[in-house]
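**Student:** Contents of work-v7.tsv (TSV, C-alpha atoms):
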chain	number	residue	atom	x	y	z
A	1	MET	CA	52.99	105.28	-42.88
A	2	ARG	CA	55.93	103.53	-44.49
A	3	VAL	CA	56.36	99.79	-44.01
A	4	THR	CA	59.36	97.70	-45.03
A	5	LEU	CA	58.71	94.00	-45.62
A	6	VAL	CA	61.89	91.91	-45.70
A	7	THR	CA	61.60	88.62	-47.55
A	8	ALA	CA	63.63	86.14	-49.59
A	9	GLY	CA	63.32	84.59	-53.03
A	10	ASP	CA	61.55	85.78	-56.17
A	11	ILE	CA	58.73	88.13	-55.18
A	12	GLY	CA	57.30	87.87	-58.69
A	13	ARG	CA	56.29	84.26	-58.17
A	14	ARG	CA	52.56	83.62	-58.29
A	15	THR	CA	52.42	81.57	-55.11
A	16	GLY	CA	51.20	81.87	-51.51
A	17	GLY	CA	53.01	84.47	-49.47
A	18	TYR	CA	54.31	86.39	-52.48
A	19	LEU	CA	50.78	86.91	-53.81
A	20	TYR	CA	49.66	87.87	-50.30
A	21	HIS	CA	52.35	90.55	-49.98
A	22	ALA	CA	51.71	91.97	-53.45
A	23	ARG	CA	47.97	92.25	-52.91
A	24	VAL	CA	48.28	93.77	-49.42
A	25	ALA	CA	50.76	96.33	-50.78
A	26	GLN	CA	48.33	97.20	-53.58
A	27	ASP	CA	45.39	97.72	-51.22
A	28	LEU	CA	47.42	99.62	-48.62
A	29	ALA	CA	48.64	102.02	-51.29
A	30	ARG	CA	45.05	103.16	-51.81
A	31	GLU	CA	45.03	104.20	-48.16
A	32	GLY	CA	48.29	106.11	-48.44
A	33	VAL	CA	50.39	103.39	-46.79
A	34	LEU	CA	53.61	102.50	-48.61
A	35	LEU	CA	54.68	98.86	-48.25
A	36	GLU	CA	58.09	98.27	-49.83
A	37	GLN	CA	59.47	94.77	-50.22
A	38	ILE	CA	63.20	94.24	-49.71
A	39	ILE	CA	64.74	90.95	-50.85
A	40	ALA	CA	67.41	89.93	-48.35
A	41	SER	CA	68.39	86.85	-50.37
A	42	ARG	CA	67.47	86.02	-53.95
A	43	ASP	CA	67.84	82.36	-53.01
A	44	ALA	CA	65.21	81.45	-50.39
A	45	SER	CA	66.77	78.07	-49.61
A	46	ALA	CA	68.52	77.62	-46.27
A	47	ASP	CA	71.92	77.31	-47.93
A	48	GLY	CA	71.28	80.37	-50.08
A	49	GLN	CA	70.30	82.40	-47.03
A	50	ARG	CA	73.39	81.27	-45.14
A	51	ARG	CA	75.56	82.50	-48.00
A	52	ALA	CA	73.72	85.85	-48.12
A	53	ALA	CA	73.72	86.39	-44.35
A	54	GLN	CA	77.23	87.82	-44.34
A	55	ASP	CA	75.98	90.76	-46.42
A	56	ALA	CA	72.71	91.33	-44.54
A	57	ALA	CA	73.97	94.57	-42.93
A	58	ALA	CA	74.03	96.17	-46.38
A	59	ILE	CA	70.24	96.57	-46.31
A	60	ASP	CA	70.12	98.28	-42.89
A	61	SER	CA	69.64	101.79	-44.28
A	62	GLN	CA	66.74	100.67	-46.50
A	63	VAL	CA	65.08	98.72	-43.73
A	64	LEU	CA	65.43	101.46	-41.11
A	65	ALA	CA	63.96	104.10	-43.42
A	66	ALA	CA	60.51	102.66	-42.62
A	67	ASP	CA	58.19	103.38	-39.71
A	68	VAL	CA	57.57	99.65	-39.16
A	69	ILE	CA	59.72	96.66	-40.15
A	70	VAL	CA	57.99	93.42	-41.14
A	71	VAL	CA	60.12	90.30	-41.59
A	72	ASP	CA	58.75	87.28	-43.42
A	73	ALA	CA	59.63	84.08	-41.53
A	74	LEU	CA	60.82	82.75	-44.88
A	75	ALA	CA	63.79	85.15	-44.55
A	76	ALA	CA	64.51	84.58	-40.85
A	77	LEU	CA	67.80	82.80	-41.45
A	78	VAL	CA	69.38	85.47	-43.64
A	79	VAL	CA	68.53	88.44	-41.36
A	80	ALA	CA	68.76	86.83	-37.92
A	81	SER	CA	71.92	88.77	-37.06
A	82	ARG	CA	70.24	92.10	-37.88
A	83	LEU	CA	67.03	91.68	-35.88
A	84	ASP	CA	68.38	93.08	-32.59
A	85	VAL	CA	69.59	96.23	-34.36
A	86	TRP	CA	66.35	96.69	-36.27
A	87	GLN	CA	64.10	96.10	-33.28
A	88	SER	CA	66.08	98.55	-31.17
A	89	ARG	CA	65.31	101.26	-33.72
A	90	ARG	CA	61.85	100.45	-35.10
A	91	PRO	CA	58.78	98.34	-34.26
A	92	LEU	CA	59.37	94.83	-35.57
A	93	VAL	CA	56.58	92.55	-36.82
A	94	ALA	CA	57.06	88.89	-37.78
A	95	MET	CA	55.01	87.77	-40.80
A	96	VAL	CA	54.45	84.01	-40.49
A	97	HIS	CA	52.75	82.35	-43.43
A	98	GLU	CA	54.49	79.23	-42.17
A	99	LEU	CA	57.60	78.48	-40.17
A	100	PRO	CA	60.17	76.90	-42.50
A	101	SER	CA	61.17	74.36	-39.85
A	102	VAL	CA	57.54	73.22	-39.51
A	103	ALA	CA	56.85	73.13	-43.24
A	104	ALA	CA	59.96	71.04	-43.86
A	105	GLU	CA	59.35	68.91	-40.76
A	106	ARG	CA	62.96	69.43	-39.77
A	107	GLY	CA	65.09	72.31	-38.64
A	108	GLU	CA	68.82	72.81	-38.36
A	109	ALA	CA	69.99	74.50	-35.16
A	110	ASP	CA	70.68	77.85	-36.84
A	111	LEU	CA	67.26	77.90	-38.53
A	112	LEU	CA	65.46	77.14	-35.28
A	113	ALA	CA	67.50	79.82	-33.50
A	114	ALA	CA	66.66	82.35	-36.23
A	115	GLU	CA	62.96	81.56	-35.96
A	116	GLU	CA	63.05	81.85	-32.18
A	117	ARG	CA	64.69	85.27	-32.47
A	118	LEU	CA	62.15	86.48	-35.02
A	119	LEU	CA	59.27	85.33	-32.84
A	120	ARG	CA	60.44	87.80	-30.18
A	121	ALA	CA	59.20	90.59	-32.46
A	122	ASP	CA	56.85	93.22	-31.04
A	123	ARG	CA	53.94	91.66	-32.93
A	124	VAL	CA	53.49	88.44	-34.87
A	125	ILE	CA	51.06	87.88	-37.75
A	126	ALA	CA	49.70	84.39	-38.47
A	127	VAL	CA	47.44	83.63	-41.43
A	128	SER	CA	45.19	81.04	-39.75
A	129	GLN	CA	44.03	79.95	-36.34
A	130	HIS	CA	45.99	76.75	-36.89
A	131	GLY	CA	49.12	78.81	-37.53
A	132	ARG	CA	48.41	80.83	-34.40
A	133	GLY	CA	48.32	77.60	-32.42
A	134	ILE	CA	51.76	76.64	-33.73
A	135	LEU	CA	53.12	80.03	-32.62
A	136	LEU	CA	51.62	79.66	-29.16
A	137	ASP	CA	53.24	76.24	-28.92
A	138	ARG	CA	56.54	77.93	-29.75
A	139	GLY	CA	56.10	80.23	-26.77
A	140	VAL	CA	54.71	83.39	-28.36
A	141	ALA	CA	52.40	85.24	-25.98
A	142	PRO	CA	48.77	85.12	-27.20
A	143	GLU	CA	48.34	88.89	-26.97
A	144	ARG	CA	51.19	89.40	-29.45
A	145	VAL	CA	49.67	87.22	-32.19
A	146	ALA	CA	47.16	88.55	-34.72
A	147	VAL	CA	45.50	86.35	-37.35
A	148	VAL	CA	45.35	88.15	-40.69
A	149	ALA	CA	43.97	85.64	-43.18
A	150	PRO	CA	44.33	86.13	-46.95
A	151	GLY	CA	41.41	87.39	-48.99
A	152	ALA	CA	39.51	85.02	-51.23
A	153	ASP	CA	38.46	87.48	-53.94
A	154	ARG	CA	41.65	87.98	-55.95
A	155	LEU	CA	40.01	86.80	-59.17
A	156	ARG	CA	36.58	87.93	-60.26
A	157	ARG	CA	33.86	85.39	-59.56
A	158	SER	CA	31.58	84.23	-62.32
A	159	ASP	CA	28.91	81.66	-62.98
A	160	HIS	CA	30.82	78.81	-64.53
A	161	TRP	CA	30.15	75.71	-66.54
A	162	LYS	CA	30.19	72.43	-64.68
A	163	GLN	CA	31.25	70.43	-67.73
A	164	THR	CA	32.92	70.97	-71.09
A	165	GLY	CA	31.15	70.86	-74.42
A	166	ASP	CA	32.03	67.17	-74.85
A	167	GLY	CA	30.40	66.24	-71.54
A	168	ASN	CA	33.64	65.74	-69.64
A	169	LEU	CA	33.75	66.94	-66.07
A	170	ARG	CA	36.93	68.84	-65.28
A	171	VAL	CA	38.76	68.52	-61.97
A	172	LEU	CA	41.13	71.39	-61.26
A	173	CYS	CA	44.30	71.37	-59.18
A	174	VAL	CA	46.26	74.60	-58.68
A	175	ALA	CA	49.59	74.18	-56.90
A	176	GLN	CA	53.32	74.31	-57.40
A	177	TRP	CA	54.91	70.93	-57.92
A	178	ILE	CA	56.67	70.27	-54.65
A	179	PRO	CA	56.34	67.05	-52.62
A	180	ARG	CA	54.23	68.48	-49.81
A	181	LYS	CA	51.44	69.43	-52.23
A	182	GLY	CA	50.75	65.75	-52.99
A	183	ILE	CA	50.44	66.11	-56.78
A	184	ASP	CA	51.91	62.61	-57.14
A	185	THR	CA	49.20	61.21	-54.87
A	186	LEU	CA	46.54	62.99	-56.92
A	187	VAL	CA	47.79	61.60	-60.24
A	188	ARG	CA	48.02	58.09	-58.76
A	189	ALA	CA	44.42	58.40	-57.59
A	190	TRP	CA	43.39	59.68	-61.01
A	191	LEU	CA	45.09	56.75	-62.69
A	192	ALA	CA	43.20	54.36	-60.40
A	193	LEU	CA	39.90	55.99	-61.36
A	194	GLY	CA	40.36	54.92	-64.98
A	195	ARG	CA	37.63	57.23	-66.25
A	196	ASN	CA	37.06	58.48	-69.79
A	197	ASP	CA	34.41	61.06	-68.84
A	198	ALA	CA	36.58	63.42	-66.79
A	199	THR	CA	39.77	65.45	-67.16
A	200	LEU	CA	42.31	66.47	-64.53
A	201	ASP	CA	43.77	69.95	-65.13
A	202	LEU	CA	47.09	70.63	-63.36
A	203	VAL	CA	47.90	74.34	-63.06
A	204	GLY	CA	50.98	75.70	-61.30
A	205	GLU	CA	54.76	75.92	-61.36
A	206	THR	CA	56.29	72.63	-62.50
A	207	ASP	CA	60.01	73.44	-62.27
A	208	VAL	CA	60.58	74.11	-58.56
A	209	ASP	CA	61.78	70.56	-57.88
A	210	PRO	CA	62.94	68.93	-61.15
A	211	GLN	CA	63.26	65.43	-59.68
A	212	TYR	CA	59.74	65.56	-58.26
A	213	ALA	CA	58.41	67.03	-61.50
A	214	ALA	CA	59.88	64.14	-63.47
A	215	GLN	CA	58.11	61.71	-61.15
A	216	VAL	CA	54.75	63.48	-61.63
A	217	ARG	CA	55.18	63.67	-65.41
A	218	ALA	CA	55.94	59.96	-65.57
A	219	LEU	CA	52.78	59.18	-63.62
A	220	ALA	CA	50.72	61.51	-65.84
A	221	ALA	CA	52.14	59.86	-68.97
A	222	SER	CA	50.75	56.51	-67.80
A	223	THR	CA	47.16	57.83	-67.82
A	224	PRO	CA	44.98	57.67	-70.97
A	225	PRO	CA	45.77	60.39	-73.55
A	226	GLY	CA	44.08	63.67	-72.62
A	227	SER	CA	43.07	62.42	-69.19
A	228	VAL	CA	45.60	64.66	-67.43
A	229	VAL	CA	46.41	68.08	-68.88
A	230	ILE	CA	49.52	69.86	-67.58
A	231	HIS	CA	49.16	73.62	-68.02
A	232	GLY	CA	52.10	74.86	-65.94
A	233	SER	CA	52.11	78.37	-64.50
A	234	VAL	CA	49.43	80.56	-66.08
A	235	ASP	CA	48.35	84.19	-65.91
A	236	ASP	CA	45.20	85.38	-64.17
A	237	VAL	CA	43.12	85.32	-67.38
A	238	ALA	CA	43.92	81.65	-67.98
A	239	LEU	CA	43.46	80.81	-64.31
A	240	ALA	CA	40.04	82.49	-64.26
A	241	ALA	CA	39.08	80.39	-67.29
A	242	ALA	CA	40.25	77.24	-65.50
A	243	TRP	CA	38.10	78.09	-62.47
A	244	GLN	CA	35.17	78.65	-64.82
A	245	ARG	CA	35.52	75.26	-66.52
A	246	ALA	CA	36.01	73.22	-63.36
A	247	ALA	CA	33.38	71.07	-61.68
A	248	LEU	CA	35.43	70.50	-58.53
A	249	PHE	CA	38.82	71.26	-57.01
A	250	ALA	CA	41.32	68.68	-55.76
A	251	LEU	CA	44.58	69.13	-53.86
A	252	PRO	CA	45.68	66.41	-51.40
A	253	THR	CA	48.26	68.63	-49.73
A	254	ARG	CA	50.45	67.26	-46.95
A	255	PHE	CA	50.97	70.65	-45.30
A	256	GLU	CA	49.53	74.17	-45.61
A	257	GLY	CA	50.13	77.44	-43.80
A	258	TYR	CA	46.68	78.60	-44.96
A	259	GLY	CA	45.78	77.44	-48.47
A	260	MET	CA	44.73	80.51	-50.47
A	261	VAL	CA	43.79	78.32	-53.41
A	262	PHE	CA	41.19	76.49	-51.31
A	263	ALA	CA	39.59	79.82	-50.43
A	264	GLU	CA	39.46	80.78	-54.11
A	265	ALA	CA	37.94	77.41	-54.99
A	266	LEU	CA	35.21	77.91	-52.40
A	267	LEU	CA	34.39	81.38	-53.66
A	268	HIS	CA	34.09	79.98	-57.17
A	269	GLY	CA	31.57	77.46	-55.88
A	270	LEU	CA	33.70	74.35	-56.32
A	271	PRO	CA	33.42	71.34	-54.04
A	272	VAL	CA	36.85	70.60	-52.58
A	273	VAL	CA	38.68	67.30	-52.28
A	274	ALA	CA	41.70	67.81	-50.05
A	275	GLY	CA	43.99	66.44	-47.40
A	276	ALA	CA	42.64	66.74	-43.87
A	277	VAL	CA	45.70	68.59	-42.61
A	278	GLY	CA	46.54	71.81	-40.76
A	279	PRO	CA	44.11	74.67	-41.40
A	280	VAL	CA	42.33	73.00	-44.33
A	281	PRO	CA	39.40	71.52	-42.33
A	282	GLU	CA	38.86	74.89	-40.63
A	283	LEU	CA	38.94	76.68	-43.98
A	284	VAL	CA	36.78	74.33	-46.03
A	285	GLY	CA	34.20	73.64	-43.34
A	286	PRO	CA	32.06	70.50	-42.94
A	287	ASN	CA	29.80	70.69	-45.97
A	288	ALA	CA	31.80	72.07	-48.88
A	289	GLY	CA	34.07	69.14	-49.63
A	290	LEU	CA	35.47	65.73	-48.86
A	291	LEU	CA	38.67	65.59	-46.81
A	292	VAL	CA	40.90	62.53	-46.80
A	293	PRO	CA	44.09	61.47	-45.01
A	294	PRO	CA	47.29	62.67	-46.71
A	295	ASP	CA	49.27	60.13	-48.75
A	296	ASP	CA	46.23	57.86	-49.16
A	297	PRO	CA	45.58	57.38	-52.91
A	298	ALA	CA	42.77	54.87	-52.26
A	299	ALA	CA	40.82	57.30	-50.06
A	300	LEU	CA	41.43	60.07	-52.59
A	301	THR	CA	40.24	57.88	-55.45
A	302	SER	CA	37.07	57.09	-53.52
A	303	ALA	CA	36.36	60.76	-52.76
A	304	LEU	CA	36.89	61.81	-56.38
A	305	ALA	CA	34.67	59.00	-57.66
A	306	ARG	CA	31.92	59.90	-55.21
A	307	LEU	CA	31.75	63.50	-56.37
A	308	LEU	CA	32.13	62.72	-60.05
A	309	ASP	CA	29.34	60.09	-59.91
A	310	ASP	CA	26.86	61.98	-57.74
A	311	GLY	CA	25.56	65.13	-59.41
A	312	GLU	CA	23.23	65.96	-56.53
A	313	LEU	CA	26.05	65.75	-53.99
A	314	ARG	CA	28.22	67.86	-56.26
A	315	ALA	CA	25.49	70.50	-56.51
A	316	SER	CA	24.84	70.62	-52.77
A	317	MET	CA	28.54	70.90	-52.00
A	318	ALA	CA	28.93	73.58	-54.66
A	319	ALA	CA	26.23	75.65	-52.95
A	320	ALA	CA	27.89	75.13	-49.56
A	321	ALA	CA	31.25	76.06	-51.06
A	322	ARG	CA	29.93	79.33	-52.49
A	323	ALA	CA	28.29	80.21	-49.15
A	324	ARG	CA	31.51	79.37	-47.32
A	325	GLY	CA	33.54	81.43	-49.77
A	326	GLU	CA	31.26	84.44	-49.37
A	327	ALA	CA	31.90	84.35	-45.61
A	328	LEU	CA	35.70	84.45	-45.99
A	329	PRO	CA	37.70	87.70	-45.73
A	330	THR	CA	38.14	89.91	-48.77
A	331	TRP	CA	41.51	91.39	-49.63
A	332	ALA	CA	40.21	94.75	-48.38
A	333	ASP	CA	39.59	93.06	-45.02
A	334	THR	CA	43.10	91.62	-45.06
A	335	ALA	CA	44.76	94.95	-45.79
A	336	CYS	CA	42.73	96.66	-43.07
A	337	ALA	CA	43.69	94.02	-40.50
A	338	PHE	CA	47.33	94.15	-41.57
A	339	GLN	CA	47.41	97.92	-41.18
A	340	SER	CA	45.84	97.61	-37.73
A	341	VAL	CA	48.76	95.45	-36.62
A	342	MET	CA	51.18	98.11	-37.90
A	343	ASP	CA	49.25	100.82	-36.03
A	344	VAL	CA	49.32	98.86	-32.77
A	345	ALA	CA	53.04	98.18	-33.09
A	346	MET	CA	53.75	101.88	-33.64
A	347	ARG	CA	51.50	103.02	-30.76
A	348	GLU	CA	53.08	100.57	-28.34
A	349	ARG	CA	56.57	101.66	-29.28
A	350	ALA	CA	55.65	105.34	-29.02
A	351	GLY	CA	53.95	104.85	-25.65
I need this file expressed as structure tokens, please.
**Tutor:**
Amino acid sequence: MRVTLVTAGDIGRRTGGYLYHARVAQDLAREGVLLEQIIASRDASADGQRRAAQDAAAIDSQVLAADVIVVDALAALVVASRLDVWQSRRPLVAMVHELPSVAAERGEADLLAAEERLLRADRVIAVSQHGRGILLDRGVAPERVAVVAPGADRLRRSDHWKQTGDGNLRVLCVAQWIPRKGIDTLVRAWLALGRNDATLDLVGETDVDPQYAAQVRALAASTPPGSVVIHGSVDDVALAAAWQRAALFALPTRFEGYGMVFAEALLHGLPVVAGAVGPVPELVGPNAGLLVPPDDPAALTSALARLLDDGELRASMAAAARARGEALPTWADTACAFQSVMDVAMRERAG
């Protein structure tokens, strides 16, 4: 089977949907399934996609060479005019990590129209039950939606230290610096803690939104020296080491399509402090972390202090986190479920 996945932006980025696609492609290749990614617009922004849309027909021959066409909702705007042609020739599957209009909490008329057209695909993949609910609310028939959650086992698990050699507990946050991730809220909460026995490690892309990054850096600079360590984007070796050093994971996100990083934190046995939004409560479960309202630094400060001060609570939540992580899908599970959606789409079209 040959699958074309049409997306937008830099597929080499080590974030969310891009990591999902790369790992699924890797696992499918072992089963003889070729998943080829085609970038319809190098610029994933709405304006960038509008500019690229006039040239979208140029990729028709590449797209139609596949047995099944998968279109990432991230690229809906740039390829909207081609979807009728593609779906008339091949099974079409919509890949919805998140709907851009929902993630941005606003949607221009052409973006909403593009999403509506994409959601008329033969099959639609969501990455969480919460995401499935959003699709149903948008009018997608339940029988056309499959939930194919990411795997949690991208990095090898290991028994890890709960503190550094100097006795400091380390709190890890892994996220790109964009407003919806709430990194500013986290640093404000950390500043309010005023502790000298703990370190906040910030891992992830810092240059996506320069204005927001400047705001976060200014907040971090107001904390005691060494209290907040900004690592930026790191490779898997460095990320695995960060997981190993951490005592708990914190990310007060304002919106998530799924939250792969929460799944990885659970599998590494880290209690989670997070925003109680979207699919996060479903993913983390009731016993593996403390969930707080988004944009509430005081509640976040209280949750962090509670876990940092209470070793027994930290240990019990760590055990619950590991158990929860072990119950989550593996990437092999994800690839198998993804391929099943492709098989169904092909059978239905052939029949």
**Student:** Might you pull out every residue within 12 Å of region 315-328 of chain A, with all atoms listed in the file counted and same-chain residues fewer than 4 positions away left off, and present them as number ranges by chain?
**Tutor:** A: 128, 148-153, 157-160, 162, 246-249, 260-273, 282-290, 306-311, 332-334
**Student:** So how many Å separate CA of Arg195 (chain A) and CA of Ala305 (chain A), to one decimal?
**Tutor:**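 Taking CA of Arg195 (chain A) as the start and CA of Ala305 (chain A) as the end point, the length is 9.3 Å.
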**Student:** CA of Arg170 (chain A) to CA of Ala242 (chain A): how many Å, to one decimal?
**Tutor:**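 About the pair CA of Arg170 (chain A) and CA of Ala242 (chain A): they are 9.0 Å apart.
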**Student:** Rounded to one decimal in Å, what is the spacing between CA of Gly275 (chain A) and CA of Thr7 (chain A)?
**Tutor:**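 Atom-to-atom, CA of Gly275 (chain A) and CA of Thr7 (chain A) are spaced 28.3 Å apart.
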**Student:** Neighbouring residues of Gln176 (chain A) were defined as those with any atom within 10 Å, considering all atoms listed in the file; residues of the same chain fewer than 4 positions away were excluded. Please report them as a list in words.
**Tutor:**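 Residues meeting the cut-off are Arg14, Thr15, Gly16, Arg180, Lys181, Gly182, Ile183, Leu202, Val203, Gly204, Glu205, Thr206, Asp207, Val208, Asp209, Ala213, Gly232 and Ser233 of chain A.
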**Student:** Set the distance at 9 Å and use all atoms listed in the file: which residues neighbour Thr199 (chain A) once local chain neighbours fewer than 3 positions away are removed? I'd like the list as an MDAnalysis selection string.
**Tutor:** chainID A and resid 168:172 195:196 226:229
**Student:** Considering only C-alpha atoms, return as a PyMOL selection string whatever protein or nucleic-acid residues lie within 8 Å of Leu111 (chain A), sequence-local ones (same chain, fewer than 5 positions apart) excluded.
**Tutor:** chain A and resi 46+76-77+101
**Student:** Pick the closest to Val140 (chain A) from A:Leu99, A:Ala126, A:Ala52, A:Leu119: which is it, counting only C-alpha atoms?
**Tutor:**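 Of A:Leu99, A:Ala126, A:Ala52, A:Leu119, the one nearest Val140 (chain A) is A:Leu119, counting only C-alpha atoms.
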